[in-house]
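Note: the block below is query_1.txt and it holds compact mmCIF, C-alpha atoms and all ligand atoms.
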# COMPACT_ATOMS: atom_id res chain seq x y z
CA MET A 1 19.72 -1.94 -43.33
CA PHE A 2 19.90 0.79 -40.66
CA ASP A 3 16.32 2.06 -41.26
CA ASN A 4 14.66 -0.39 -38.93
CA PRO A 5 13.15 1.76 -36.13
CA LEU A 6 12.81 -1.24 -33.81
CA THR A 7 15.33 -1.46 -30.98
CA PRO A 8 15.54 -3.91 -28.07
CA ASP A 9 15.90 -1.03 -25.58
CA HIS A 10 12.51 -1.40 -23.93
CA ILE A 11 12.92 -5.17 -23.68
CA LEU A 12 16.36 -4.85 -22.10
CA GLN A 13 15.31 -2.09 -19.73
CA THR A 14 12.31 -4.05 -18.50
CA GLY A 15 14.21 -7.34 -18.35
CA THR A 16 16.87 -5.84 -16.10
CA ALA A 17 14.61 -3.43 -14.19
CA PHE A 18 15.09 -5.55 -11.08
CA TRP A 19 18.74 -4.41 -10.94
CA ALA A 20 17.70 -0.81 -10.35
CA SER A 21 14.88 -1.90 -8.10
CA LYS A 22 17.18 -3.98 -5.88
CA ALA A 23 19.78 -1.20 -5.70
CA LEU A 24 17.10 1.13 -4.29
CA LEU A 25 15.73 -1.55 -1.94
CA SER A 26 19.22 -2.31 -0.57
CA ALA A 27 19.79 1.42 -0.03
CA VAL A 28 16.60 1.54 2.05
CA GLU A 29 17.63 -1.64 3.89
CA ILE A 30 20.97 -0.18 5.00
CA GLU A 31 19.25 3.16 5.78
CA LEU A 32 21.49 5.09 3.41
CA PHE A 33 18.97 7.93 2.94
CA THR A 34 18.41 8.25 6.70
CA GLU A 35 22.17 8.51 7.25
CA LEU A 36 22.63 11.05 4.46
CA ALA A 37 19.74 13.15 5.78
CA LYS A 38 21.83 13.65 8.95
CA GLN A 39 24.96 14.60 7.05
CA ALA A 40 26.31 14.55 3.46
CA GLU A 41 29.39 12.28 3.24
CA ASP A 42 32.17 11.16 0.91
CA LEU A 43 32.70 7.59 -0.27
CA GLN A 44 35.14 6.58 2.47
CA ALA A 45 32.97 7.90 5.29
CA LEU A 46 29.86 6.20 3.90
CA GLN A 47 31.71 2.92 3.46
CA ASN A 48 32.74 3.02 7.09
CA ARG A 49 29.42 4.19 8.48
CA LEU A 50 27.31 1.71 6.54
CA GLY A 51 29.73 -1.23 6.60
CA LEU A 52 30.05 -1.44 2.80
CA HIS A 53 32.86 -3.43 1.16
CA GLU A 54 35.13 -1.25 -0.97
CA ARG A 55 34.58 -3.42 -4.06
CA GLY A 56 30.96 -2.38 -4.71
CA ALA A 57 30.57 0.80 -2.70
CA GLN A 58 31.41 3.39 -5.35
CA ASP A 59 29.41 1.65 -8.10
CA PHE A 60 26.45 1.30 -5.74
CA LEU A 61 26.45 4.98 -4.74
CA ASP A 62 27.05 6.21 -8.29
CA THR A 63 24.25 3.96 -9.57
CA LEU A 64 21.95 5.76 -7.15
CA VAL A 65 23.29 9.09 -8.46
CA ALA A 66 22.57 7.98 -12.04
CA LEU A 67 19.08 6.86 -11.02
CA GLY A 68 18.42 10.31 -9.52
CA PHE A 69 18.14 9.13 -5.90
CA LEU A 70 21.41 10.74 -4.73
CA ASN A 71 23.38 13.87 -5.64
CA ARG A 72 27.19 13.96 -5.76
CA GLU A 73 29.11 17.28 -5.68
CA LYS A 74 32.90 17.22 -5.53
CA GLY A 75 32.85 13.67 -4.18
CA ILE A 76 30.28 14.40 -1.46
CA TYR A 77 27.06 12.37 -1.63
CA SER A 78 23.71 13.76 -0.47
CA ASN A 79 20.04 12.84 -0.84
CA ALA A 80 17.98 14.00 -3.82
CA PRO A 81 14.89 15.99 -2.72
CA GLU A 82 12.49 13.02 -3.07
CA THR A 83 14.63 10.52 -1.18
CA ASP A 84 15.28 13.11 1.53
CA LEU A 85 11.54 13.69 2.00
CA PHE A 86 10.23 10.15 1.59
CA LEU A 87 13.07 7.81 2.62
CA ASP A 88 14.53 9.44 5.73
CA LYS A 89 13.21 7.33 8.62
CA ASN A 90 13.34 10.31 10.96
CA LYS A 91 10.76 12.29 8.96
CA GLU A 92 7.02 11.93 9.34
CA SER A 93 6.79 11.76 5.54
CA TYR A 94 8.82 8.47 5.46
CA MET A 95 7.12 5.99 3.12
CA GLY A 96 9.85 3.37 2.93
CA GLY A 97 7.76 0.77 4.80
CA ILE A 98 6.44 -0.54 1.50
CA LEU A 99 10.01 -0.78 0.16
CA GLU A 100 11.17 -2.61 3.31
CA MET A 101 8.41 -5.14 2.72
CA ALA A 102 9.20 -5.27 -1.01
CA ASN A 103 12.82 -6.07 -0.11
CA ASN A 104 12.14 -8.64 2.61
CA ARG A 105 9.03 -10.40 1.32
CA LEU A 106 7.88 -9.44 -2.19
CA TYR A 107 11.28 -9.68 -3.90
CA PRO A 108 11.85 -13.33 -2.89
CA THR A 109 8.18 -14.19 -3.50
CA TRP A 110 8.22 -12.73 -7.03
CA ALA A 111 11.18 -15.01 -7.87
CA HIS A 112 8.52 -17.75 -8.04
CA LEU A 113 6.11 -15.91 -10.36
CA THR A 114 6.41 -18.59 -13.05
CA THR A 115 5.36 -21.27 -10.56
CA ALA A 116 2.38 -19.13 -9.54
CA LEU A 117 1.44 -18.62 -13.20
CA LYS A 118 1.53 -22.37 -13.82
CA THR A 119 -0.22 -23.49 -10.63
CA GLY A 120 -2.42 -20.52 -9.67
CA GLN A 121 -0.99 -20.94 -6.16
CA PRO A 122 0.49 -18.18 -3.98
CA GLN A 123 4.23 -18.31 -3.33
CA SER A 124 4.15 -16.29 -0.10
CA GLU A 125 3.55 -17.31 3.53
CA GLU A 126 0.11 -18.37 2.22
CA LYS A 127 1.72 -21.17 0.19
CA ASP A 128 0.48 -23.86 2.56
CA GLY A 129 -3.11 -22.65 2.33
CA ASP A 130 -3.01 -20.57 5.52
CA ASP A 131 -4.53 -17.06 5.76
CA LEU A 132 -1.78 -14.62 4.80
CA PHE A 133 -2.70 -12.13 7.50
CA LEU A 134 -2.80 -14.70 10.31
CA GLU A 135 0.58 -16.05 9.15
CA LEU A 136 2.10 -12.56 9.04
CA TYR A 137 0.58 -11.47 12.32
CA ALA A 138 1.93 -14.49 14.21
CA ASP A 139 5.34 -12.79 13.90
CA PRO A 140 5.41 -9.36 15.64
CA ALA A 141 8.22 -8.08 13.37
CA LYS A 142 6.28 -9.00 10.21
CA LEU A 143 3.07 -7.53 11.68
CA LYS A 144 4.77 -4.20 12.28
CA GLU A 145 6.52 -4.25 8.91
CA PHE A 146 3.30 -5.05 7.02
CA LEU A 147 1.23 -2.39 8.77
CA GLY A 148 3.97 0.23 8.28
CA ALA A 149 4.20 -0.80 4.62
CA MET A 150 0.49 -0.12 4.20
CA THR A 151 0.91 3.41 5.58
CA GLY A 152 3.78 3.97 3.13
CA VAL A 153 1.87 2.83 0.09
CA SER A 154 -1.42 4.51 1.00
CA ARG A 155 -0.44 7.89 2.51
CA GLY A 156 -0.85 10.00 -0.67
CA ALA A 157 -4.22 8.50 -1.55
CA ASN A 158 -5.34 8.78 2.09
CA MET A 159 -4.56 12.50 2.19
CA THR A 160 -6.42 13.01 -1.08
CA MET A 161 -9.50 11.14 0.16
CA ALA A 162 -9.48 13.17 3.36
CA GLN A 163 -10.06 16.27 1.18
CA GLN A 164 -11.87 15.01 -1.90
CA LEU A 165 -14.94 13.25 -0.45
CA PRO A 166 -18.08 15.22 0.57
CA TRP A 167 -17.34 14.89 4.30
CA SER A 168 -19.56 17.80 5.39
CA ASP A 169 -22.62 15.60 4.69
CA TYR A 170 -21.58 12.99 7.27
CA SER A 171 -20.62 12.64 10.93
CA THR A 172 -19.21 9.11 11.38
CA PHE A 173 -16.96 6.79 9.39
CA ALA A 174 -15.42 3.33 9.67
CA ASP A 175 -12.21 2.41 7.87
CA VAL A 176 -12.47 -1.34 7.38
CA GLY A 177 -9.10 -3.17 7.28
CA THR A 178 -7.53 -0.03 8.72
CA ALA A 179 -4.01 -1.47 9.37
CA GLN A 180 -1.98 1.19 11.23
CA GLY A 181 -4.90 3.61 10.71
CA ASP A 182 -3.37 6.14 8.38
CA LEU A 183 -6.57 6.73 6.37
CA ALA A 184 -8.54 7.32 9.59
CA VAL A 185 -5.78 9.64 10.85
CA GLN A 186 -5.65 11.69 7.65
CA ILE A 187 -9.46 12.05 7.60
CA ALA A 188 -9.60 13.01 11.29
CA LYS A 189 -6.86 15.62 10.77
CA ALA A 190 -8.61 17.21 7.78
CA GLN A 191 -12.22 16.85 9.05
CA PRO A 192 -12.30 17.41 12.81
CA HIS A 193 -16.13 17.27 12.92
CA LEU A 194 -16.04 13.49 12.23
CA LYS A 195 -15.82 10.57 14.68
CA GLY A 196 -14.06 7.60 13.13
CA MET A 197 -13.44 3.93 13.77
CA GLY A 198 -10.66 1.71 12.52
CA PHE A 199 -11.83 -1.89 12.08
CA ASP A 200 -9.29 -4.71 11.78
CA LEU A 201 -8.19 -8.04 13.26
CA PRO A 202 -7.66 -7.73 17.05
CA GLN A 203 -3.86 -8.26 16.69
CA VAL A 204 -3.68 -4.87 14.97
CA GLU A 205 -5.08 -2.88 17.90
CA PRO A 206 -1.80 -1.90 19.68
CA VAL A 207 -0.22 -0.70 16.43
CA PHE A 208 -3.35 1.35 15.59
CA GLU A 209 -3.58 2.80 19.10
CA ASP A 210 0.10 3.84 19.11
CA TYR A 211 -0.25 5.56 15.75
CA VAL A 212 -3.47 7.39 16.69
CA GLU A 213 -1.95 8.45 20.01
CA ALA A 214 1.22 9.70 18.28
CA ASN A 215 -1.04 11.84 16.08
CA ARG A 216 -2.99 13.07 19.15
CA LEU A 217 -6.30 11.86 17.74
CA SER A 218 -7.45 9.44 20.45
CA LYS A 219 -10.54 11.62 21.10
CA ASN A 220 -11.67 11.37 17.46
CA LEU A 221 -10.73 7.78 16.59
CA SER A 222 -11.32 4.38 18.17
CA PHE A 223 -10.43 0.80 17.27
CA VAL A 224 -12.99 -1.96 16.71
CA GLY A 225 -11.51 -5.47 16.58
CA GLY A 226 -13.13 -8.22 14.54
CA ASP A 227 -13.04 -10.48 11.52
CA PHE A 228 -14.85 -9.00 8.54
CA PHE A 229 -15.93 -12.43 7.32
CA THR A 230 -17.49 -13.58 10.58
CA ASP A 231 -18.47 -10.31 12.32
CA ASP A 232 -20.76 -7.47 11.29
CA LEU A 233 -19.03 -4.26 10.26
CA PRO A 234 -19.44 -1.29 12.62
CA ARG A 235 -22.37 0.94 11.67
CA ALA A 236 -21.30 4.33 10.30
CA ASP A 237 -22.38 7.00 7.77
CA VAL A 238 -19.36 6.23 5.62
CA ILE A 239 -17.57 2.88 5.20
CA LEU A 240 -14.14 2.83 3.55
CA MET A 241 -12.15 -0.15 2.27
CA GLY A 242 -8.62 0.63 1.06
CA HIS A 243 -6.68 -2.17 -0.61
CA ILE A 244 -9.09 -4.72 0.84
CA LEU A 245 -11.17 -6.08 -2.03
CA HIS A 246 -8.12 -7.01 -4.11
CA ASP A 247 -6.91 -9.41 -1.39
CA TRP A 248 -9.87 -11.74 -1.88
CA ASP A 249 -11.63 -13.91 -4.48
CA LEU A 250 -14.87 -12.82 -6.13
CA GLU A 251 -17.18 -14.56 -3.67
CA GLN A 252 -15.36 -12.97 -0.72
CA LYS A 253 -15.35 -9.54 -2.43
CA ASN A 254 -19.15 -9.80 -2.76
CA VAL A 255 -19.50 -10.78 0.92
CA LEU A 256 -17.54 -7.65 1.94
CA ILE A 257 -19.57 -5.36 -0.32
CA ALA A 258 -22.82 -6.83 1.06
CA LYS A 259 -21.56 -6.27 4.63
CA ALA A 260 -20.81 -2.63 3.85
CA TRP A 261 -24.33 -2.20 2.46
CA GLN A 262 -25.81 -3.69 5.66
CA ALA A 263 -23.74 -1.44 7.95
CA LEU A 264 -24.69 1.82 6.18
CA PRO A 265 -27.82 3.93 6.66
CA GLU A 266 -29.93 5.00 3.64
CA GLY A 267 -27.85 7.69 1.87
CA GLY A 268 -24.63 6.35 3.47
CA MET A 269 -21.46 6.33 1.39
CA PHE A 270 -19.24 3.32 0.57
CA VAL A 271 -15.72 4.08 -0.67
CA VAL A 272 -13.49 1.40 -2.11
CA TYR A 273 -9.99 2.20 -3.26
CA ASP A 274 -7.31 0.21 -5.01
CA SER A 275 -4.93 0.60 -7.97
CA LEU A 276 -7.80 -0.01 -10.36
CA ILE A 277 -7.09 -1.59 -13.74
CA ASP A 278 -8.39 0.61 -16.58
CA ASP A 279 -11.62 -0.69 -18.10
CA GLU A 280 -9.85 -1.65 -21.35
CA ARG A 281 -7.17 -3.51 -19.35
CA ARG A 282 -4.25 -2.01 -21.33
CA GLU A 283 -2.93 1.11 -19.61
CA ASN A 284 -2.70 0.96 -15.85
CA THR A 285 0.43 -1.21 -15.72
CA PHE A 286 0.70 -0.74 -11.95
CA GLY A 287 -2.86 -2.04 -11.42
CA LEU A 288 -2.13 -5.08 -13.59
CA LEU A 289 1.18 -5.78 -11.83
CA MET A 290 -0.59 -5.35 -8.49
CA SER A 291 -3.00 -8.06 -9.57
CA LEU A 292 -0.04 -10.36 -10.30
CA ASN A 293 1.25 -9.42 -6.86
CA MET A 294 -2.06 -10.68 -5.45
CA LEU A 295 -1.49 -13.91 -7.42
CA VAL A 296 1.89 -14.55 -5.76
CA GLU A 297 0.76 -13.26 -2.36
CA THR A 298 -2.79 -14.51 -1.74
CA LEU A 299 -4.97 -17.58 -2.27
CA GLY A 300 -7.60 -15.96 -4.50
CA GLY A 301 -7.04 -12.19 -4.66
CA PHE A 302 -7.03 -10.15 -7.86
CA ASP A 303 -7.31 -6.51 -8.89
CA TYR A 304 -10.21 -5.27 -11.00
CA THR A 305 -11.53 -2.43 -13.13
CA GLY A 306 -13.80 0.42 -12.05
CA ALA A 307 -16.56 -1.08 -14.22
CA ASP A 308 -16.19 -4.44 -12.41
CA CYS A 309 -16.50 -2.75 -9.01
CA ILE A 310 -19.49 -0.61 -10.02
CA GLY A 311 -21.20 -3.78 -11.27
CA TRP A 312 -20.65 -5.59 -7.94
CA MET A 313 -21.82 -2.56 -5.94
CA LYS A 314 -25.02 -2.13 -7.98
CA ALA A 315 -25.74 -5.86 -7.68
CA ALA A 316 -25.44 -5.47 -3.89
CA GLY A 317 -28.10 -2.72 -3.93
CA PHE A 318 -26.13 0.55 -4.09
CA LYS A 319 -28.07 3.26 -5.99
CA GLU A 320 -25.20 5.19 -7.48
CA ALA A 321 -21.54 4.38 -7.99
CA ARG A 322 -18.78 6.37 -9.70
CA VAL A 323 -15.01 6.19 -10.16
CA GLU A 324 -12.77 9.10 -9.11
CA HIS A 325 -9.03 9.39 -9.61
CA LEU A 326 -6.90 9.88 -6.49
CA LEU A 327 -3.14 9.93 -7.13
CA GLY A 328 -0.92 8.07 -9.58
CA PRO A 329 -2.36 4.58 -10.10
CA ASP A 330 -4.90 4.90 -7.26
CA PHE A 331 -8.62 5.36 -7.90
CA MET A 332 -11.64 5.21 -5.63
CA VAL A 333 -15.11 3.91 -6.36
CA VAL A 334 -17.73 5.90 -4.44
CA ALA A 335 -21.19 4.37 -4.00
CA VAL A 336 -24.30 5.64 -2.21
CA LYS A 337 -26.86 3.38 -0.53
C1 LIG B 401 -3.77 -4.78 2.28
S1 LIG B 401 -4.09 -4.24 3.91
C2 LIG B 401 -4.83 -2.68 3.64
C3 LIG B 401 -4.57 -1.69 4.72
C4 LIG B 401 -5.10 -0.27 4.53
N1 LIG B 401 -6.54 -0.23 4.37
C5 LIG B 401 -4.43 0.43 3.38
O1 LIG B 401 -5.03 0.59 2.32
O2 LIG B 401 -3.26 0.82 3.53
C6 LIG B 401 -5.44 -5.27 4.38
C7 LIG B 401 -5.93 -5.09 5.80
O3 LIG B 401 -7.05 -5.98 6.01
C8 LIG B 401 -6.93 -6.53 7.31
N2 LIG B 401 -7.63 -7.83 7.35
C9 LIG B 401 -7.26 -8.97 6.73
N3 LIG B 401 -8.14 -9.96 6.99
C10 LIG B 401 -9.06 -9.42 7.82
C11 LIG B 401 -10.24 -9.95 8.43
N4 LIG B 401 -10.61 -11.21 8.24
N5 LIG B 401 -10.99 -9.11 9.20
C12 LIG B 401 -10.61 -7.81 9.40
N6 LIG B 401 -9.51 -7.26 8.82
C13 LIG B 401 -8.75 -8.05 8.05
C14 LIG B 401 -5.45 -6.70 7.49
O4 LIG B 401 -5.11 -6.82 8.86
C15 LIG B 401 -4.90 -5.43 6.85
O5 LIG B 401 -4.80 -4.37 7.77
Hey, can you dump this file as structure tokens for me?
Amino acid sequence: MFDNPLTPDHILQTGTAFWASKALLSAVEIELFTELAKQAEDLQALQNRLGLHERGAQDFLDTLVALGFLNREKGIYSNAPETDLFLDKNKESYMGGILEMANNRLYPTWAHLTTALKTGQPQSEEKDGDDLFLELYADPAKLKEFLGAMTGVSRGANMTMAQQLPWSDYSTFADVGTAQGDLAVQIAKAQPHLKGMGFDLPQVEPVFEDYVEANRLSKNLSFVGGDFFTDDLPRADVILMGHILHDWDLEQKNVLIAKAWQALPEGGMFVVYDSLIDDERRENTFGLLMSLNMLVETLGGFDYTGADCIGWMKAAGFKEARVEHLLGPDFMVVAVK
């Protein structure tokens, strides 16, 4: 009777995973890690500083200890090394933008996943059939939050691409759908011989310019405003698209790939990166969940496998295309014209 190796543990852990997720997201929302980076504190001091009610405060902080996000020694709470590095707003390495957006937008949107699964319709700002980006960008706070979130989610992959690609063969690049411009910034820092452009909707320009200026790279990088469905892409030796193709349906993906082909010279390089789904569609859970995120967020977006992307690139005329791993769930597909 007790030999059955099956337990419901995995089911229960996954079914209640949002508890842990929301505890972390609320900690980011109240800037707990930023406060603790300034000074380690005891329960009473944190309650006062962060305006927490006494009923939940200790359980909340100790949950974060149990999850490994905080340390507690003799009643004094401090950040764990990862939260200190990545979730202190005063550090350049802060990547909490994606968690701020997860808390404010994705968490409520995902509550309607079942509706999206039954209707195929997004549950985000795009619900009424409007372009997600135009909806977001009409609100300056959402614009800033979204662009900061992109930097948070992409920084590690951006730094890897800045090193891993054969940059010495090229002199210009255009990062298409650049958002705040972190990929362009990381490439310019690592490869000072390159001149780069960030291409995005015109509303993004001030946020890009501020970020490039703050990184003292205005001589190496410039902004080109436009709509990648109605305008040509800027001509460059290398065209990059990070987390772009997954936002759109198949027809739109093919339009963007064809535009990259047109903008490149013979021998030019096209780099696409996303959390690719593994070709067998069974292992890269993050890539599959990201595709469901595109379901609830966008009108027609979906994530895809490396084999899918290579197929689209070859159909558009690219000679070679290969998949390379970046970090964690992120992969790039590198094609040559
Ligand atoms: C998901 S974000 C990716 C940002 C960044 N490449 C990264 O990986 O972190 C998509 C980007 O595409 C831009 N975008 C959306 N529609 C666009 C359009 N029609 N023309 C140009 N850029 C667009 C958005 O403004 C946004 O910066």
- prompt: Any idea what the distance is between atom CA of A:Phe133 and atom CA of A:Met294?
  reply: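 Separation between atom CA of A:Phe133 and atom CA of A:Met294: 13.0 Å.
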How big is the axis-aligned box around all listed atoms of ligand LIG 401 (chain B) once 8 Å goes on each side, and where's its centre, in Å to one decimal, as JSON?
{"center_x": -7.1, "center_y": -5.2, "center_z": 5.8, "size_x": 23.7, "size_y": 28.0, "size_z": 23.1}
message: Taking all atoms listed in the file into account, list the residues no farther than 9 Å from ligand LIG 401 (chain B), as a VMD selection string.
response: chain A and resid 131 to 134 137 143 146 to 155 157 to 158 175 to 183 199 to 204 225 to 231 240 to 247 273 to 274
task: Tell me, as a PyMOL selection string, which residues lie within 12 Å of A:Glu266, counting only C-alpha atoms; anything in the same chain fewer than 5 positions away does not count.
output: chain A and resi 235-238+260-261+317-319+335-337
- request: Mind giving me the straight-line distance from atom CA of A:Lys314 to atom CA of A:Ser171 in Å, one decimal?
  value: 24.4 Å
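Between atom CA of A:Gln164 and atom CA of A:Met197 the separation is 19.3 Å.
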field: Residue nearest A:Gly267 among A:Glu297, A:Asp330, A:Asp169, A:Asp303 (counting all atoms listed in the file)
entry: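 When distances to A:Gly267 are compared using all atoms listed in the file, the smallest one comes from A:Asp169.
Excluding A:Leu250 and any residue on its chain fewer than 5 positions from it, the residues at most 12 Å away by all atoms listed in the file are Leu245, Val255, Leu256, Ile257, Leu299, Gly300, Gly301, Phe302, Asp303, Tyr304, Asp308, Cys309 and Trp312 of chain A.
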For the contact check between stretch 5-64 of chain A and stretch 69-85 of chain A, emit one row per residue of stretch 5-64 of chain A within 12 Å, containing the shortest atom pair and the distance in Å rounded to one decimal, counting all atoms listed in the file, chain then rising number order, as CSV.
residue,atom,partner,partner_atom,distance
A:Ala20,CA,A:Phe69,CA,10.9
A:Ser21,CA,A:Phe69,CA,11.7
A:Ala23,CA,A:Phe69,CA,10.5
A:Leu24,CA,A:Phe69,CA,8.2
A:Leu25,CA,A:Phe69,CA,11.6
A:Ala27,CA,A:Phe69,CA,9.8
A:Val28,CA,A:Thr83,CA,9.7
A:Glu31,CA,A:Thr83,CA,11.1
A:Leu32,CA,A:Asn79,CA,9.0
A:Phe33,CA,A:Asn79,CA,6.3
A:Thr34,CA,A:Asp84,CA,7.8
A:Glu35,CA,A:Asn79,CA,9.4
A:Leu36,CA,A:Ser78,CA,5.7
A:Ala37,CA,A:Asp84,CA,6.2
A:Lys38,CA,A:Ser78,CA,9.6
A:Gln39,CA,A:Ser78,CA,7.7
A:Ala40,CA,A:Ser78,CA,4.8
A:Glu41,CA,A:Ile76,CA,5.2
A:Asp42,CA,A:Ile76,CA,4.4
A:Leu43,CA,A:Gly75,CA,7.2
A:Gln44,CA,A:Gly75,CA,10.0
A:Ala45,CA,A:Ile76,CA,9.7
A:Leu46,CA,A:Tyr77,CA,8.7
A:Gln47,CA,A:Tyr77,CA,11.7
A:Gln58,CA,A:Gly75,CA,10.4
A:Phe60,CA,A:Leu70,CA,10.7
A:Leu61,CA,A:Leu70,CA,7.7
A:Asp62,CA,A:Leu70,CA,8.1
A:Thr63,CA,A:Leu70,CA,8.8
A:Leu64,CA,A:Phe69,CA,5.2
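You can rank A:Thr298, A:Ser291, A:Thr114, A:Thr160 by their closest distance to A:His325 using all atoms listed in the file, and at the top of that list sits A:Thr160.
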Proximity to A:Phe270 - best of A:Arg322, A:His112, A:Lys144, A:Lys219, all atoms listed in the file: A:Arg322
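Here the question is which of A:Met95, A:Ser124, A:Ile187, A:Gly198 gets nearest to A:Met161 using all atoms listed in the file, and that residue is A:Ile187.
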